[in-house]
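Peer 1: Handing you this structure, nothing more for now.
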Amino acid sequence: MTTGRNFMRVQTGALILMIVVAAEMIRYLITSLNRALNFSFWEPRMWNTHHLVDPNTVVEMGPRIGYFTVWSTVILLSTLAFLAALQLLNNVRRGKIYHPKTAAYVSRLGLILAIAMIADQIFHSIDSWLLTRSNSEPLGIHWGYDPSDIKTLIMATILFLFGWVMRQGIVIDRENSEFV
Amino acid sequence: MPRSLIQVARATLLGLVVFAAYYPYKLLTTFVPFAFSGAASWQSHWMVDDAALVPFWGRLAQFGLWVPTMVATQIMILLAIYLVWLFQREVLFEHTTIRVLKWLGGSAALAAVFALIAFAFDAWWLTSWNTELPRRAIQFHFESGEMGVLLCGLGLFLLGHVLEIAAFKQNENEDII
C-alpha cells in the first residue's frame with residue numbers, strides 16, 4: 001500500500017471521527033442540559049425521587065441553583081473539549097498532519113479535557129452533599145471516585161504531553177532542515 | 001527536549017503509578033466483597049429488594065460482567081505508565097513509543113466498549129431477583145464518561161497510526177537516498 005493512499009485513509013478516518021464527535025457533542029449538550037434543568041428547576045419532584053433524597057423533603061432554591069451551577073460548569077468545559085477535538089480533527093482532515101498547529105491543538109485538547117475531568121471529580125465529591133442538604137440527615141462532602149473520569153484524565157494527560165512532544169519534534173525537524 | 005516537559009512527564013508518571021495501585025485496591029474493596037461476601041451487600045444496593053435471595057452464581061456472574069472492563073483498564077494504565085516512562089527517558093519518536101501510543105488508544109477504546117456493554121446488562125442483572133422493587137430491562141445506558149474514554153482512545157489510536165505511516169514514509173525516503 002502506498003503512503004499517499006495511507007494518508008487518504010487517515011483523512012477519511014478523521015472525517016468519520018469528526019462526524020461521530022459532532023453528533024456526540026450535540027447529544028451530550030441536549031441531554032445533559034435538559035437533565036440538569038429538569039432536575040434543578042423544571043420538574044422539582046425529580047429531586048425527591050432520587051435514591052439519596054428523603055421523599056417528603058422540601059428542597060429550597062439554594063441547593064437547586066448550586067446543583068445547576070456545578071453541573072453546567074462541567075457541561076461547558078466538556079463542550080469546549082468537544083470543540084477542541086473538532087478543530088484538531090478538521091486540521092487532520094485538511095491534510096495538516098505533521099504541522100505545528102496540529103500539535104498545538106492536540107495539547108490544547110488534552111489540557112481542556114484534563115481541567116474538565118478534574119472539575120467533574122470535584123463536583124462528584126460535592127454532588128451528594130448538595131442533593132441531601134434538605135434531608136433530615138444530610139451527607140457530607142466525600143471523595144466521589146469515578147473511574148471513567150480518571151481514565152479520561154489519563155487520556156487527556158497523554159494527549160497534552162504528546163502534543164507538547166510533537167511540537168518540539170517539529171521545531172527540531174524544521175531547524176535541521178533549515179541548517180541543511 | 002525542554003526540562004519542563006521532562007518534569008511534567010515525571011509528575012504524571014508518579015500520579016499514574018499511584019492510580020495503578022489505587023485501581024485494583026478499589027476493585028478489591030468494592031466489586032469483590034459485593035460478589036463474594038454474602039447476599040447482604042447485594043441486598044443493601046438501592047435498586048435491590050431488602051430480602052432478595054440471590055444465589056452465589058448470580059453474584060459471580062455480575063462480577064464476571066465487569067472483568068473484561070477491569071482487565072482492559074488495567075492494561076491501559078500500564079501502557080500509559082510505559083509511555084510516560086519513555087517520554088521522561090526522552091525516547092520520543094521511536095517505533096516503540098508510537099506502537100505503545102497506538103495500543104494505549106486501542107486498550108482505552110476497548111475498556112470503554114466493555115464498560116458500556118456491562119452498564120447495559122448491570123441494572124437488569126442486579127434487579128433480576130427483585131419481587132417488590134421494579135425489575136429493569138437490558139438497555140443501553142448512556143455513560144458520557146465512557147463515551148469520552150472511547151473517543152479519546154480512538155483519537156490516540158488514529159494519532160499512533162498517523163505516526164506509524166510517517167515513520168514508514170521517512171524510512172522509505174532514507175532508503176531512496
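Order determines the names: the first chain of the C-alpha cells is A, the second B, and so forth; residues in each chain are numbered 1 upward, and ligands are numbered 1 upward as they are shown.
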Give the helix (DSSP H, G or I) residues of segment 21-122 of chain B, as DSSP finds them on the backbone, and put them as number ranges by chain.
Peer 2: B: 21-36, 39-43, 56-88, 95-122
Peer 1: Taking only C-alpha atoms into account and nothing else, which residues of chain B lie no more than 6 Å away from chain A? Please answer as a list in words.
Peer 2: Gly145, Glu146 and Val149 of chain B
Peer 1: May I have the residues within 8 Å of Leu151 of chain B as a list of chain:residue names, using only C-alpha atoms and disregarding those fewer than 4 positions away in the same chain?
Peer 2: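 Residues meeting the cut-off are A:Val21, B:Ala109, B:Met147, B:Gly155.
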Peer 1: What does the file look like for those residues with C-alpha atoms, as a PDB file, in the first residue's frame?
Peer 2:
```pdb
ATOM      1  CA  VAL A  21     -17.700  13.674  17.735  1.00  0.00           C
TER       2      VAL A  21
ATOM      3  CA  ALA B 109     -11.356   2.226  23.494  1.00  0.00           C
ATOM      4  CA  MET B 147     -18.040   7.795  25.647  1.00  0.00           C
ATOM      5  CA  GLY B 155      -8.221   9.565  18.726  1.00  0.00           C
TER       6      GLY B 155
END
```
Peer 1: Just want the 6 Å neighbourhood of segment 157-171 of chain B, counted on only C-alpha atoms, with same-chain residues fewer than 4 positions away dropped. Output as a list of chain:residue names.
Peer 2: B:Ile98, B:Leu101, B:Lys102, B:Gly105, B:Gly106
Peer 1: For Ala11 of chain B, work out the shell of residues within 12 Å, counting only C-alpha atoms and skipping chain neighbours fewer than 2 positions away, then give it as a PDB file with N, CA and C atoms, in the first residue's frame.
Peer 2:
```pdb
ATOM      1  N   THR A 157      -4.086  13.665  29.779  1.00  0.00           N
ATOM      2  CA  THR A 157      -2.692  13.988  30.114  1.00  0.00           C
ATOM      3  C   THR A 157      -1.749  13.473  29.026  1.00  0.00           C
ATOM      4  N   LEU A 161       0.734  15.796  26.830  1.00  0.00           N
ATOM      5  CA  LEU A 161       2.174  15.532  26.743  1.00  0.00           C
ATOM      6  C   LEU A 161       2.596  15.236  25.307  1.00  0.00           C
TER       7      LEU A 161
ATOM      8  N   SER B   4      11.159  21.365  31.358  1.00  0.00           N
ATOM      9  CA  SER B   4       9.802  21.420  31.916  1.00  0.00           C
ATOM     10  C   SER B   4       8.968  20.219  31.443  1.00  0.00           C
ATOM     11  N   LEU B   5       9.181  19.816  30.191  1.00  0.00           N
ATOM     12  CA  LEU B   5       8.443  18.661  29.654  1.00  0.00           C
ATOM     13  C   LEU B   5       8.793  17.381  30.421  1.00  0.00           C
ATOM     14  N   ILE B   6      10.080  17.219  30.657  1.00  0.00           N
ATOM     15  CA  ILE B   6      10.543  16.031  31.386  1.00  0.00           C
ATOM     16  C   ILE B   6       9.958  16.037  32.806  1.00  0.00           C
ATOM     17  N   GLN B   7       9.932  17.240  33.417  1.00  0.00           N
ATOM     18  CA  GLN B   7       9.412  17.332  34.793  1.00  0.00           C
ATOM     19  C   GLN B   7       7.917  17.009  34.841  1.00  0.00           C
ATOM     20  N   VAL B   8       7.170  17.538  33.853  1.00  0.00           N
ATOM     21  CA  VAL B   8       5.723  17.248  33.802  1.00  0.00           C
ATOM     22  C   VAL B   8       5.524  15.742  33.591  1.00  0.00           C
ATOM     23  N   ALA B   9       6.344  15.144  32.724  1.00  0.00           N
ATOM     24  CA  ALA B   9       6.245  13.694  32.468  1.00  0.00           C
ATOM     25  C   ALA B   9       6.508  12.907  33.754  1.00  0.00           C
ATOM     26  N   LEU B  13       3.942  10.528  35.707  1.00  0.00           N
ATOM     27  CA  LEU B  13       4.316   9.140  35.977  1.00  0.00           C
ATOM     28  C   LEU B  13       3.992   8.765  37.424  1.00  0.00           C
ATOM     29  N   LEU B  14       4.294   9.694  38.323  1.00  0.00           N
ATOM     30  CA  LEU B  14       4.016   9.468  39.747  1.00  0.00           C
ATOM     31  C   LEU B  14       2.507   9.280  39.975  1.00  0.00           C
ATOM     32  N   GLY B  15       1.719  10.182  39.382  1.00  0.00           N
ATOM     33  CA  GLY B  15       0.258  10.091  39.506  1.00  0.00           C
ATOM     34  C   GLY B  15      -0.270   8.779  38.944  1.00  0.00           C
ATOM     35  N   LEU B  16       0.288   8.362  37.804  1.00  0.00           N
ATOM     36  CA  LEU B  16      -0.160   7.123  37.157  1.00  0.00           C
ATOM     37  C   LEU B  16       0.163   5.897  38.014  1.00  0.00           C
ATOM     38  N   VAL B  17       1.364   5.905  38.617  1.00  0.00           N
ATOM     39  CA  VAL B  17       1.765   4.767  39.461  1.00  0.00           C
ATOM     40  C   VAL B  17       0.822   4.667  40.667  1.00  0.00           C
ATOM     41  N   VAL B  18       0.475   5.827  41.242  1.00  0.00           N
ATOM     42  CA  VAL B  18      -0.447   5.831  42.384  1.00  0.00           C
ATOM     43  C   VAL B  18      -1.794   5.254  41.948  1.00  0.00           C
ATOM     44  N   ILE B  81       1.652   4.157  31.756  1.00  0.00           N
ATOM     45  CA  ILE B  81       2.877   4.292  32.574  1.00  0.00           C
ATOM     46  C   ILE B  81       4.117   4.086  31.695  1.00  0.00           C
ATOM     47  N   VAL B  84       4.659   7.165  29.343  1.00  0.00           N
ATOM     48  CA  VAL B  84       5.187   8.363  30.025  1.00  0.00           C
ATOM     49  C   VAL B  84       6.618   8.104  30.503  1.00  0.00           C
ATOM     50  N   TRP B  85       6.914   6.851  30.864  1.00  0.00           N
ATOM     51  CA  TRP B  85       8.289   6.494  31.241  1.00  0.00           C
ATOM     52  C   TRP B  85       9.213   6.690  30.034  1.00  0.00           C
ATOM     53  N   PHE B  87       8.690   8.804  27.606  1.00  0.00           N
ATOM     54  CA  PHE B  87       8.794  10.258  27.421  1.00  0.00           C
ATOM     55  C   PHE B  87       9.886  10.841  28.325  1.00  0.00           C
ATOM     56  N   GLN B  88       9.833  10.468  29.613  1.00  0.00           N
ATOM     57  CA  GLN B  88      10.791  11.075  30.541  1.00  0.00           C
ATOM     58  C   GLN B  88      12.212  10.558  30.305  1.00  0.00           C
TER      59      GLN B  88
END
```
Peer 1: Atom CA of Pro44 of chain A to atom CA of Ile118 of chain A: how many Å, to one decimal?
Peer 2: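 Here the two named atoms are 28.5 Å from each other.
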Peer 1: Do a neighbour search on Leu29 of chain A at 9 Å with only C-alpha atoms, toss out local chain neighbours closer than 6 positions, and write the hits as an MDAnalysis selection string.
Peer 2: chainID A and resid 75:76 79
Peer 1: Here is a test: counting only C-alpha atoms, which residue of A:Ile65, A:Ala116, A:Ile170, A:Ala104 is nearest to Gln87 of chain A?
Peer 2: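 Closest candidate: A:Ala104.
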Peer 1: So which residues touch segment 56-73 of chain B within 8 Å, counting only C-alpha atoms, skipping near sequence neighbours fewer than 4 positions away, as a list in words?
Peer 2: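 Here the qualifying residues turn out to be Lys151 of chain A; Phe31, Val32, Phe34, Ala35, Phe36, Gly38, Ile77, Ser107, Ala108, Leu110, Ala111, Ala112, Phe114, Ala115, Ala118, Asp122, Trp125 and Leu126 of chain B.
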Peer 1: Please save C-alpha atoms of the selected residues as an mmCIF file, in the first residue's frame.
Peer 2:
```cif
data_model
loop_
_atom_site.group_PDB
_atom_site.id
_atom_site.type_symbol
_atom_site.label_atom_id
_atom_site.label_comp_id
_atom_site.auth_asym_id
_atom_site.auth_seq_id
_atom_site.Cartn_x
_atom_site.Cartn_y
_atom_site.Cartn_z
ATOM 1 C CA LYS A 151 -9.489 7.119 32.663
ATOM 2 C CA PHE B 31 -16.577 -5.394 43.456
ATOM 3 C CA VAL B 32 -15.024 -8.390 45.212
ATOM 4 C CA PHE B 34 -20.112 -7.338 46.564
ATOM 5 C CA ALA B 35 -19.779 -10.661 44.770
ATOM 6 C CA PHE B 36 -18.156 -12.899 47.364
ATOM 7 C CA GLY B 38 -22.673 -12.922 51.071
ATOM 8 C CA ILE B 77 -2.996 2.140 32.867
ATOM 9 C CA SER B 107 -6.976 -0.625 25.035
ATOM 10 C CA ALA B 108 -8.763 2.536 26.267
ATOM 11 C CA LEU B 110 -11.799 -1.469 24.305
ATOM 12 C CA ALA B 111 -12.179 -0.736 28.053
ATOM 13 C CA ALA B 112 -14.876 1.833 27.237
ATOM 14 C CA PHE B 114 -16.642 -3.317 27.634
ATOM 15 C CA ALA B 115 -17.874 -0.823 30.247
ATOM 16 C CA ALA B 118 -21.528 -4.059 31.236
ATOM 17 C CA ASP B 122 -25.808 -4.455 35.054
ATOM 18 C CA TRP B 125 -28.949 -8.472 36.399
ATOM 19 C CA LEU B 126 -28.984 -6.610 39.747
#
```
